[in-house]
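S.K.: Sharing run.pdb below, PDB, C-alpha atoms and all ligand atoms:
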ATOM      1  CA  MET O   1       0.000   0.000   0.000
ATOM      2  CA  TRP O   2       2.946   2.274   0.718
ATOM      3  CA  GLU O   3       4.313   1.475  -2.744
ATOM      4  CA  LYS O   4       0.975   2.583  -4.275
ATOM      5  CA  GLY O   5       0.847   5.758  -2.164
ATOM      6  CA  GLU O   6      -2.223   4.528  -0.291
ATOM      7  CA  ILE O   7      -0.590   4.846   3.138
ATOM      8  CA  THR O   8       2.133   7.139   4.500
ATOM      9  CA  VAL O   9       5.665   6.110   5.480
ATOM     10  CA  ALA O  10       4.648   6.473   9.139
ATOM     11  CA  GLN O  11       1.713   4.090   8.664
ATOM     12  CA  GLU O  12       3.982   1.632   6.861
ATOM     13  CA  HIS O  13       6.545   1.756   9.720
ATOM     14  CA  TYR O  14       3.757   1.214  12.237
ATOM     15  CA  SER O  15       2.423  -1.798  10.274
ATOM     16  CA  SER O  16       5.915  -3.285   9.860
ATOM     17  CA  GLY O  17       6.377  -2.930  13.639
ATOM     18  CA  ILE O  18       3.124  -4.797  14.308
ATOM     19  CA  ILE O  19       4.120  -7.597  11.905
ATOM     20  CA  SER O  20       7.470  -7.826  13.642
ATOM     21  CA  SER O  21       5.842  -8.107  17.101
ATOM     22  CA  LEU O  22       3.408 -10.700  15.778
ATOM     23  CA  LEU O  23       6.333 -12.749  14.492
ATOM     24  CA  ASP O  24       7.996 -12.518  17.922
ATOM     25  CA  TYR O  25       4.793 -13.746  19.541
ATOM     26  CA  LEU O  26       4.252 -16.620  17.077
ATOM     27  CA  SER O  27       7.862 -17.640  17.455
ATOM     28  CA  GLU O  28       7.457 -17.800  21.263
ATOM     29  CA  VAL O  29       4.237 -19.826  21.293
ATOM     30  CA  GLN O  30       5.266 -22.283  18.595
ATOM     31  CA  ASN O  31       6.271 -25.760  19.833
ATOM     32  CA  ILE O  32       9.993 -26.332  19.836
ATOM     33  CA  VAL O  33      11.086 -29.641  18.336
ATOM     34  CA  ALA O  34      13.439 -31.608  20.579
ATOM     35  CA  GLY O  35      16.860 -32.709  19.273
ATOM     36  CA  LYS O  36      17.897 -29.966  16.878
ATOM     37  CA  LYS O  37      19.118 -31.220  13.521
ATOM     38  CA  HIS O  38      21.168 -28.265  12.349
ATOM     39  CA  VAL O  39      21.930 -24.651  13.228
ATOM     40  CA  ALA O  40      21.129 -21.691  10.964
ATOM     41  CA  LEU O  41      22.181 -18.079  11.435
ATOM     42  CA  PHE O  42      20.055 -15.323   9.898
ATOM     43  CA  MET O  43      21.283 -11.830   9.062
ATOM     44  CA  SER O  44      21.000  -9.045   6.519
ATOM     45  CA  PRO O  45      24.265  -7.750   5.011
ATOM     46  CA  GLY O  46      25.618  -4.183   4.973
ATOM     47  CA  GLU O  47      23.062  -1.447   5.378
ATOM     48  CA  GLU O  48      20.138  -3.706   4.578
ATOM     49  CA  GLU O  49      17.103  -2.840   6.712
ATOM     50  CA  HIS O  50      14.610  -5.267   5.195
ATOM     51  CA  THR O  51      14.584  -8.036   7.796
ATOM     52  CA  LEU O  52      10.908  -9.066   7.914
ATOM     53  CA  SER O  53      11.144 -11.696   5.175
ATOM     54  CA  LEU O  54      14.230 -13.099   6.879
ATOM     55  CA  ARG O  55      12.119 -13.568  10.004
ATOM     56  CA  PHE O  56       9.500 -15.445   7.965
ATOM     57  CA  VAL O  57      12.233 -17.646   6.528
ATOM     58  CA  SER O  58      13.727 -18.367   9.971
ATOM     59  CA  GLU O  59      10.350 -19.606  11.229
ATOM     60  CA  PHE O  60      10.225 -22.208   8.431
ATOM     61  CA  PHE O  61      13.609 -23.534   9.529
ATOM     62  CA  LYS O  62      12.456 -23.637  13.131
ATOM     63  CA  GLU O  63       9.399 -25.614  12.125
ATOM     64  CA  ALA O  64      11.661 -28.037  10.276
ATOM     65  CA  GLY O  65      13.482 -28.737  13.569
ATOM     66  CA  TRP O  66      16.499 -26.461  13.168
ATOM     67  CA  LYS O  67      18.042 -24.317  15.872
ATOM     68  CA  ILE O  68      17.741 -20.748  14.622
ATOM     69  CA  ILE O  69      19.823 -17.736  15.584
ATOM     70  CA  PHE O  70      18.463 -14.444  14.299
ATOM     71  CA  ILE O  71      20.914 -11.580  14.502
ATOM     72  CA  GLY O  72      19.071  -9.252  12.145
ATOM     73  CA  ARG O  73      21.153  -6.449  10.773
ATOM     74  CA  SER O  74      24.812  -6.663   9.887
ATOM     75  CA  ILE O  75      27.405  -7.331  12.584
ATOM     76  CA  PRO O  76      31.199  -6.936  12.366
ATOM     77  CA  LEU O  77      32.989  -9.752  10.553
ATOM     78  CA  TRP O  78      35.048 -10.634  13.630
ATOM     79  CA  ASP O  79      31.916 -11.165  15.764
ATOM     80  CA  LEU O  80      30.294 -13.116  12.979
ATOM     81  CA  ARG O  81      33.276 -15.477  12.744
ATOM     82  CA  GLN O  82      33.141 -15.995  16.483
ATOM     83  CA  ILE O  83      29.443 -16.872  16.523
ATOM     84  CA  ILE O  84      29.918 -19.251  13.545
ATOM     85  CA  ASP O  85      32.673 -21.045  15.496
ATOM     86  CA  GLN O  86      30.973 -21.092  18.885
ATOM     87  CA  GLU O  87      27.528 -22.114  17.705
ATOM     88  CA  LYS O  88      28.771 -24.489  14.973
ATOM     89  CA  ILE O  89      26.635 -22.822  12.332
ATOM     90  CA  ASP O  90      25.689 -25.102   9.416
ATOM     91  CA  LEU O  91      23.925 -22.485   7.327
ATOM     92  CA  LEU O  92      24.174 -18.714   7.018
ATOM     93  CA  VAL O  93      20.987 -17.205   5.585
ATOM     94  CA  LEU O  94      21.218 -13.744   4.020
ATOM     95  CA  SER O  95      18.482 -11.575   2.569
ATOM     96  CA  VAL O  96      19.231  -8.947  -0.024
ATOM     97  CA  PHE O  97      16.906  -6.207  -1.243
ATOM     98  CA  SER O  98      19.211  -3.882  -3.205
ATOM     99  CA  THR O  99      22.337  -3.892  -5.371
ATOM    100  CA  GLY O 100      24.285  -2.290  -2.520
ATOM    101  CA  SER O 101      23.318  -5.136  -0.200
ATOM    102  CA  LEU O 102      24.215  -7.684  -2.858
ATOM    103  CA  ASN O 103      27.723  -6.171  -3.007
ATOM    104  CA  SER O 104      27.952  -6.298   0.795
ATOM    105  CA  ALA O 105      26.784  -9.920   0.746
ATOM    106  CA  GLU O 106      29.406 -10.803  -1.860
ATOM    107  CA  TYR O 107      32.142  -9.140   0.212
ATOM    108  CA  LEU O 108      30.975 -10.887   3.369
ATOM    109  CA  ILE O 109      30.805 -14.335   1.732
ATOM    110  CA  LYS O 110      34.288 -13.945   0.207
ATOM    111  CA  ALA O 111      35.746 -12.827   3.544
ATOM    112  CA  LEU O 112      34.123 -15.732   5.408
ATOM    113  CA  LYS O 113      35.161 -18.324   2.844
ATOM    114  CA  SER O 114      38.761 -17.153   2.872
ATOM    115  CA  GLU O 115      39.020 -16.892   6.665
ATOM    116  CA  ILE O 116      37.222 -20.000   7.861
ATOM    117  CA  ALA O 117      39.432 -22.988   7.112
ATOM    118  CA  SER O 118      37.202 -25.879   8.152
ATOM    119  CA  ASN O 119      33.503 -26.413   8.834
ATOM    120  CA  GLN O 120      32.473 -23.496   6.656
ATOM    121  CA  PRO O 121      28.743 -22.893   6.822
ATOM    122  CA  LYS O 122      26.796 -23.166   3.574
ATOM    123  CA  ILE O 123      25.379 -19.861   2.372
ATOM    124  CA  PHE O 124      21.706 -19.492   1.490
ATOM    125  CA  ILE O 125      20.593 -16.238  -0.097
ATOM    126  CA  GLY O 126      17.289 -14.739  -1.224
ATOM    127  CA  GLY O 127      15.337 -11.505  -1.571
ATOM    128  CA  ARG O 128      14.215  -8.965  -4.137
ATOM    129  CA  GLY O 129      17.709  -7.598  -4.703
ATOM    130  CA  ILE O 130      18.732 -10.681  -6.644
ATOM    131  CA  ASP O 131      17.381 -11.186 -10.147
ATOM    132  CA  SER O 132      18.469 -14.750 -10.762
ATOM    133  CA  GLU O 133      20.286 -17.762  -9.412
ATOM    134  CA  GLU O 134      23.236 -16.771 -11.606
ATOM    135  CA  PHE O 135      23.745 -13.537  -9.584
ATOM    136  CA  ALA O 136      23.418 -15.385  -6.281
ATOM    137  CA  LEU O 137      25.993 -18.002  -7.215
ATOM    138  CA  LYS O 138      28.318 -15.317  -8.614
ATOM    139  CA  ALA O 139      28.148 -13.592  -5.224
ATOM    140  CA  GLY O 140      29.403 -16.847  -3.675
ATOM    141  CA  ALA O 141      26.152 -18.327  -2.338
ATOM    142  CA  ASP O 142      25.706 -22.093  -2.302
ATOM    143  CA  VAL O 143      21.912 -21.991  -2.486
ATOM    144  CA  TYR O 144      19.395 -19.449  -3.814
ATOM    145  CA  LEU O 145      15.617 -19.267  -3.666
ATOM    146  CA  ASP O 146      13.319 -16.697  -5.254
ATOM    147  CA  ASP O 147      10.067 -17.630  -3.560
ATOM    148  CA  ILE O 148       9.366 -18.315   0.103
ATOM    149  CA  GLY O 149       6.468 -20.522  -1.071
ATOM    150  CA  LYS O 150       9.015 -23.147  -2.135
ATOM    151  CA  LEU O 151      10.967 -22.995   1.106
ATOM    152  CA  GLN O 152       9.915 -26.297   2.671
ATOM    153  CA  GLU O 153      11.274 -28.303  -0.286
ATOM    154  CA  LYS O 154      14.410 -26.158  -0.338
ATOM    155  CA  ILE O 155      15.080 -26.873   3.343
ATOM    156  CA  MET O 156      14.970 -30.608   2.597
ATOM    157  CA  GLU O 157      17.476 -30.082  -0.252
ATOM    158  CA  ILE O 158      19.744 -28.084   2.069
ATOM    159  CA  GLU O 159      19.572 -30.810   4.730
ATOM    160  CA  GLU O 160      20.844 -33.298   2.154
ATOM    161  CA  MET O 161      23.712 -30.956   1.234
ATOM    162  CA  ILE O 162      24.960 -30.528   4.818
TER     163      ILE O 162
HETATM  164  C1  LIG O 201       8.454  -3.237   4.787
HETATM  165  C2  LIG O 201       9.333  -2.514   3.816
HETATM  166  C3  LIG O 201      10.332  -1.679   4.352
HETATM  167  C4  LIG O 201      10.623  -1.579   5.844
HETATM  168  C5  LIG O 201      11.395  -2.844   6.262
HETATM  169  C6  LIG O 201      11.081  -3.274   7.682
HETATM  170  C7  LIG O 201      11.759  -4.557   8.009
HETATM  171  N1  LIG O 201      12.174  -4.639   9.253
HETATM  172  O1  LIG O 201      11.914  -5.469   7.191
HETATM  173  C8  LIG O 201      11.486  -0.282   5.928
HETATM  174  C9  LIG O 201      10.594   0.877   6.257
HETATM  175  C10 LIG O 201      12.647  -0.312   6.915
HETATM  176  C11 LIG O 201      11.961  -0.133   4.490
HETATM  177  C12 LIG O 201      13.009   0.669   4.131
HETATM  178  C13 LIG O 201      13.393   0.907   2.820
HETATM  179  N2  LIG O 201      12.805   0.407   1.701
HETATM  180 CO1  LIG O 201      11.416  -0.932   1.747
HETATM  181  N3  LIG O 201       9.886  -2.007   1.535
HETATM  182  C14 LIG O 201       9.151  -2.641   2.406
HETATM  183  C15 LIG O 201       8.018  -3.395   1.675
HETATM  184  C16 LIG O 201       6.728  -2.613   1.891
HETATM  185  C17 LIG O 201       7.819  -4.857   2.104
HETATM  186  C18 LIG O 201       9.079  -5.726   2.056
HETATM  187  C19 LIG O 201       8.806  -7.107   2.595
HETATM  188  O2  LIG O 201       9.209  -7.462   3.704
HETATM  189  N4  LIG O 201       8.079  -7.916   1.813
HETATM  190  C20 LIG O 201       7.709  -9.298   2.200
HETATM  191  C21 LIG O 201       8.527 -10.327   1.424
HETATM  192  C22 LIG O 201       8.250 -11.735   1.961
HETATM  193  O3  LIG O 201       8.080 -10.301   0.085
HETATM  194  P1  LIG O 201       9.002  -9.907  -1.155
HETATM  195  O4  LIG O 201       9.840  -8.758  -0.822
HETATM  196  O5  LIG O 201       8.145  -9.847  -2.343
HETATM  197  O6  LIG O 201       9.987 -11.200  -1.252
HETATM  198  C23 LIG O 201       9.858 -12.247  -2.203
HETATM  199  C24 LIG O 201      11.195 -12.784  -2.620
HETATM  200  O7  LIG O 201      12.122 -11.787  -2.823
HETATM  201  C25 LIG O 201      11.548 -13.802  -1.575
HETATM  202  N5  LIG O 201      12.374 -13.378  -0.454
HETATM  203  C26 LIG O 201      12.388 -12.193   0.190
HETATM  204  N6  LIG O 201      13.307 -12.174   1.141
HETATM  205  C27 LIG O 201      13.884 -13.389   1.156
HETATM  206  C28 LIG O 201      14.888 -13.902   1.954
HETATM  207  C29 LIG O 201      15.320 -15.211   1.747
HETATM  208  C30 LIG O 201      16.419 -15.772   2.599
HETATM  209  C31 LIG O 201      14.713 -15.992   0.739
HETATM  210  C32 LIG O 201      15.173 -17.381   0.541
HETATM  211  C33 LIG O 201      13.718 -15.456  -0.084
HETATM  212  C34 LIG O 201      13.298 -14.174   0.133
HETATM  213  O8  LIG O 201      10.326 -14.235  -1.061
HETATM  214  C35 LIG O 201       9.233 -13.420  -1.512
HETATM  215  C36 LIG O 201       8.360 -14.220  -2.452
HETATM  216  O9  LIG O 201       7.970 -15.415  -1.853
HETATM  217  C37 LIG O 201       8.517  -3.353   0.185
HETATM  218  C38 LIG O 201       7.406  -3.212  -0.875
HETATM  219  C39 LIG O 201       6.701  -4.500  -1.168
HETATM  220  N7  LIG O 201       5.516  -4.371  -1.675
HETATM  221  O10 LIG O 201       7.224  -5.584  -0.984
HETATM  222  C40 LIG O 201       9.456  -2.138   0.168
HETATM  223  C41 LIG O 201      10.685  -2.181  -0.741
HETATM  224  C42 LIG O 201      11.369  -3.540  -0.624
HETATM  225  N8  LIG O 201      11.517  -1.125  -0.147
HETATM  226  C43 LIG O 201      12.163  -0.426  -1.026
HETATM  227  C44 LIG O 201      12.993   0.693  -0.742
HETATM  228  C45 LIG O 201      13.477   1.490  -1.943
HETATM  229  C46 LIG O 201      13.325   1.030   0.583
HETATM  230  C47 LIG O 201      14.238   2.179   1.033
HETATM  231  C48 LIG O 201      15.517   2.390   0.198
HETATM  232  C49 LIG O 201      13.361   3.461   1.075
HETATM  233  C50 LIG O 201      14.098   4.720   1.444
HETATM  234  N9  LIG O 201      14.216   5.576   0.481
HETATM  235  O11 LIG O 201      14.561   4.854   2.555
HETATM  236  C51 LIG O 201      14.579   1.752   2.479
HETATM  237  C52 LIG O 201      15.826   0.852   2.507
HETATM  238  C53 LIG O 201      16.684   1.103   3.681
HETATM  239  C54 LIG O 201      17.829   0.100   3.732
HETATM  240  N10 LIG O 201      19.021   0.604   3.962
HETATM  241  O12 LIG O 201      17.656  -1.091   3.582
HETATM  242  C55 LIG O 201      11.912  -0.928  -2.435
HETATM  243  C56 LIG O 201      13.124  -1.766  -2.938
HETATM  244  C57 LIG O 201      13.448  -1.505  -4.385
HETATM  245  C58 LIG O 201      14.819  -2.107  -4.695
HETATM  246  N11 LIG O 201      14.878  -3.386  -5.044
HETATM  247  O13 LIG O 201      15.802  -1.445  -4.581
HETATM  248  C59 LIG O 201      10.564  -1.708  -2.258
HETATM  249  C60 LIG O 201      10.358  -2.871  -3.250
HETATM  250  C61 LIG O 201       9.432  -0.671  -2.415
HETATM  251  C62 LIG O 201       9.418  -0.004  -3.778
HETATM  252  N12 LIG O 201       8.696  -0.521  -4.740
HETATM  253  O14 LIG O 201      10.082   0.977  -3.959
HETATM  254  N13 LIG O 201      11.200  -0.887   3.641
END
How does this structure look as structure tokens?
Ligand code: B12
M.R.:
Amino acid sequence: MWEKGEITVAQEHYSSGIISSLLDYLSEVQNIVAGKKHVALFMSPGEEEHTLSLRFVSEFFKEAGWKIIFIGRSIPLWDLRQIIDQEKIDLLVLSVFSTGSLNSAEYLIKALKSEIASNQPKIFIGGRGIDSEEFALKAGADVYLDDIGKLQEKIMEIEEMI
């Protein structure tokens, strides 16, 4: 509605805030599956502020029995490396909504791949900022998905890869 000029920026921010709180609530009340299969870390690269879809995506992983760690917006590379080591992250999930964020994602992936010698997490990337799988793979991602609707099948594919 904001895109069509039907609501103001303030109304959009307010609505996004409500959706975010609703996600927090749903995440709390949802049953947690015992015996976590894998661990996934969710973040948005660079200056990327669009984190709502990443929250949706993280809930799918949770439902599939994964441990999820949502850190939201970008954190320093050093801290990221530490959390990957400590938490034994199997999958890093990034969402990208602009060309600038795609560049940041590419930089981040290259830095991680060159600095982590063993047990590198796989990288899963999605979001409106990526036009095709070709761009995602060029940026260094291992897996790309264009539509959250196909996420359940994709999670099964990822589980086979790990
Ligand atoms: C909510 C919103 C915001 C909120 C975000 C709040 C939050 N915490 O996420 C706020 C207000 C912060 C915001 C800011 C901005 N926004 Co905004 N925003 C939106 C809005 C309305 C919804 C985005 C959303 O979450 N959609 C829900 C997701 C699920 O749907 P989707 O985007 O269609 O995603 C599909 C796929 O891409 C995929 N997918 C999406 N994410 C992921 C992630 C993974 C891992 C996977 C696998 C798949 C996947 O799944 C979906 C289909 O199934 C869109 C407009 C719209 N109609 O979508 C604009 C939109 C994304 N914003 C836009 C813009 C331009 C901005 C600003 C630059 C505006 C400004 N001038 O300040 C800033 C960016 C600031 C920054 N540095 O990032 C543009 C982006 C255009 C572009 N590609 O560059 C859009 C498209 C609006 C427009 N038409 O202009 N925005």
S.K.: Show me, as a Markdown table, the residues of chain O having an atom within 7 Å of ligand LIG 201 (chain O), each with the closest atom pair and its distance in Å, using all atoms listed in the file.
M.R.:
| residue | atom | partner | partner_atom | distance |
| --- | --- | --- | --- | --- |
| O:Trp2 | CA | O:LIG201 | C16 | 6.3 |
| O:Glu3 | CA | O:LIG201 | N12 | 5.2 |
| O:Glu12 | CA | O:LIG201 | C9 | 6.7 |
| O:His13 | CA | O:LIG201 | C9 | 5.4 |
| O:Ser16 | CA | O:LIG201 | C6 | 5.6 |
| O:Glu47 | CA | O:LIG201 | N10 | 4.7 |
| O:Glu48 | CA | O:LIG201 | O12 | 3.7 |
| O:Glu49 | CA | O:LIG201 | O12 | 3.6 |
| O:His50 | CA | O:LIG201 | O1 | 3.4 |
| O:Thr51 | CA | O:LIG201 | O1 | 3.8 |
| O:Leu52 | CA | O:LIG201 | O1 | 3.8 |
| O:Ser53 | CA | O:LIG201 | C22 | 4.3 |
| O:Leu54 | CA | O:LIG201 | C28 | 5.0 |
| O:Val57 | CA | O:LIG201 | C30 | 6.0 |
| O:Val93 | CA | O:LIG201 | C30 | 5.6 |
| O:Leu94 | CA | O:LIG201 | C30 | 5.4 |
| O:Ser95 | CA | O:LIG201 | C28 | 4.3 |
| O:Val96 | CA | O:LIG201 | N6 | 6.8 |
| O:Phe97 | CA | O:LIG201 | N11 | 5.1 |
| O:Ser98 | CA | O:LIG201 | O13 | 4.4 |
| O:Phe124 | CA | O:LIG201 | C30 | 6.6 |
| O:Ile125 | CA | O:LIG201 | C30 | 5.0 |
| O:Gly126 | CA | O:LIG201 | C31 | 3.5 |
| O:Gly127 | CA | O:LIG201 | N6 | 3.5 |
| O:Arg128 | CA | O:LIG201 | O7 | 3.8 |
| O:Gly129 | CA | O:LIG201 | N11 | 5.1 |
| O:Tyr144 | CA | O:LIG201 | C32 | 6.4 |
| O:Leu145 | CA | O:LIG201 | C32 | 4.6 |
| O:Asp146 | CA | O:LIG201 | C25 | 5.0 |
| O:Asp147 | CA | O:LIG201 | O9 | 3.5 |
| O:Ile148 | CA | O:LIG201 | O9 | 3.8 |
| O:Gly149 | CA | O:LIG201 | O9 | 5.4 |
S.K.: Under the rule that all atoms listed in the file are counted, which of O:Gly72, O:Gly5, O:Gly100, O:Gly17 is the nearest residue to Leu41 of chain O?
M.R.: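 For Leu41 of chain O, the nearest of the given residues is O:Gly72.
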S.K.: For the file shown, what are the residues hit by the PyMOL selection byres (((chain O and resi 123) around 10) and not hetatm), laid out as a ChimeraX atom specification?
M.R.: /O:40-41,90-94,109,113,120-122,124-125,136-137,140-144,158
S.K.: Centre and edge lengths of an axis-aligned box around all listed atoms of segment 70-87 of chain O, with 3 Å added on each side, are to be given in Å to one decimal, as JSON.
M.R.:
{"center_x": 26.8, "center_y": -14.3, "center_z": 14.4, "size_x": 22.6, "size_y": 21.7, "size_z": 15.0}
S.K.: Taking only C-alpha atoms into account, which of O:Ile162, O:Leu102, O:Met43, O:Ala139 comes nearest Ile69 of chain O?
M.R.: O:Met43
S.K.: Report the residues retrieved by the PyMOL selection byres (((chain O and resi 60) around 12) and not hetatm) from the displayed file, expressed as a list in words.
M.R.: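 So the PyMOL selection byres (((chain O and resi 60) around 12) and not hetatm) ends up selecting Leu23, Leu26, Ser27, Gln30, Ala40, Ser53, Leu54, Arg55, Phe56, Val57, Ser58, Glu59, Phe61, Lys62, Glu63, Ala64, Gly65, Trp66, Lys67, Ile68, Ile148, Gly149, Lys150, Leu151, Gln152, Glu153, Lys154, Ile155 and Met156 of chain O.
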S.K.: Got time to write the residues from that selection, C-alpha atoms, as a compact mmCIF listing (two decimals), keeping the file's coordinate frame?
M.R.:
# COMPACT_ATOMS: atom_id res chain seq x y z
CA LEU O 23 6.33 -12.75 14.49
CA LEU O 26 4.25 -16.62 17.08
CA SER O 27 7.86 -17.64 17.45
CA GLN O 30 5.27 -22.28 18.60
CA ALA O 40 21.13 -21.69 10.96
CA SER O 53 11.14 -11.70 5.18
CA LEU O 54 14.23 -13.10 6.88
CA ARG O 55 12.12 -13.57 10.00
CA PHE O 56 9.50 -15.44 7.96
CA VAL O 57 12.23 -17.65 6.53
CA SER O 58 13.73 -18.37 9.97
CA GLU O 59 10.35 -19.61 11.23
CA PHE O 61 13.61 -23.53 9.53
CA LYS O 62 12.46 -23.64 13.13
CA GLU O 63 9.40 -25.61 12.12
CA ALA O 64 11.66 -28.04 10.28
CA GLY O 65 13.48 -28.74 13.57
CA TRP O 66 16.50 -26.46 13.17
CA LYS O 67 18.04 -24.32 15.87
CA ILE O 68 17.74 -20.75 14.62
CA ILE O 148 9.37 -18.32 0.10
CA GLY O 149 6.47 -20.52 -1.07
CA LYS O 150 9.02 -23.15 -2.13
CA LEU O 151 10.97 -23.00 1.11
CA GLN O 152 9.91 -26.30 2.67
CA GLU O 153 11.27 -28.30 -0.29
CA LYS O 154 14.41 -26.16 -0.34
CA ILE O 155 15.08 -26.87 3.34
CA MET O 156 14.97 -30.61 2.60
S.K.: Pick out the closest residue to Gly46 of chain O from this set: O:Ala10, O:Ala105, O:Ile83, O:Ile71. Count all atoms listed in the file.
M.R.: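 Closest to Gly46 of chain O of all the choices is O:Ala105.
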S.K.: Find the distance between atom CA of Phe42 of chain O and atom CA of Tyr14 of chain O and write it in Å to one decimal.
M.R.: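 Computed distance, atom CA of Phe42 of chain O to atom CA of Tyr14 of chain O, equals 23.3 Å.
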S.K.: In Å, with one decimal, what is the gap from atom CA of Ile84 of chain O to atom CA of Ala117 of chain O?
M.R.: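 One can read the atom CA of Ile84 of chain O to atom CA of Ala117 of chain O distance as 12.1 Å.
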S.K.: To one decimal place in Å, what is the distance between atom CA of Asn119 of chain O and atom CA of Lys36 of chain O?
M.R.: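 Straight-line distance from atom CA of Asn119 of chain O to atom CA of Lys36 of chain O works out to 17.9 Å.
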S.K.: Of the candidates O:Thr8, O:Ile130, O:Glu106, O:Val39, which one gets nearest to Gln86 of chain O if we count all atoms listed in the file?
M.R.: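 Using all atoms listed in the file, the shortest distance to Gln86 of chain O belongs to O:Val39.
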S.K.: Pick from O:Ile7, O:Met161, O:Leu77, O:Ile89: nearest to Lys110 of chain O, with only C-alpha atoms counted?
M.R.: O:Leu77
S.K.: Fewer than 4 positions away in the same chain doesn't count, so skip those; otherwise give me all residues within 8 Å of Leu112 of chain O, counting all atoms listed in the file, as a PyMOL selection string.
M.R.: chain O and resi 77+81+108+116
S.K.: Selected residues, C-alpha atoms, written as a compact mmCIF listing (two decimals), keeping the file's coordinate frame, please.
M.R.:
# COMPACT_ATOMS: atom_id res chain seq x y z
CA LEU O 77 32.99 -9.75 10.55
CA ARG O 81 33.28 -15.48 12.74
CA LEU O 108 30.98 -10.89 3.37
CA ILE O 116 37.22 -20.00 7.86
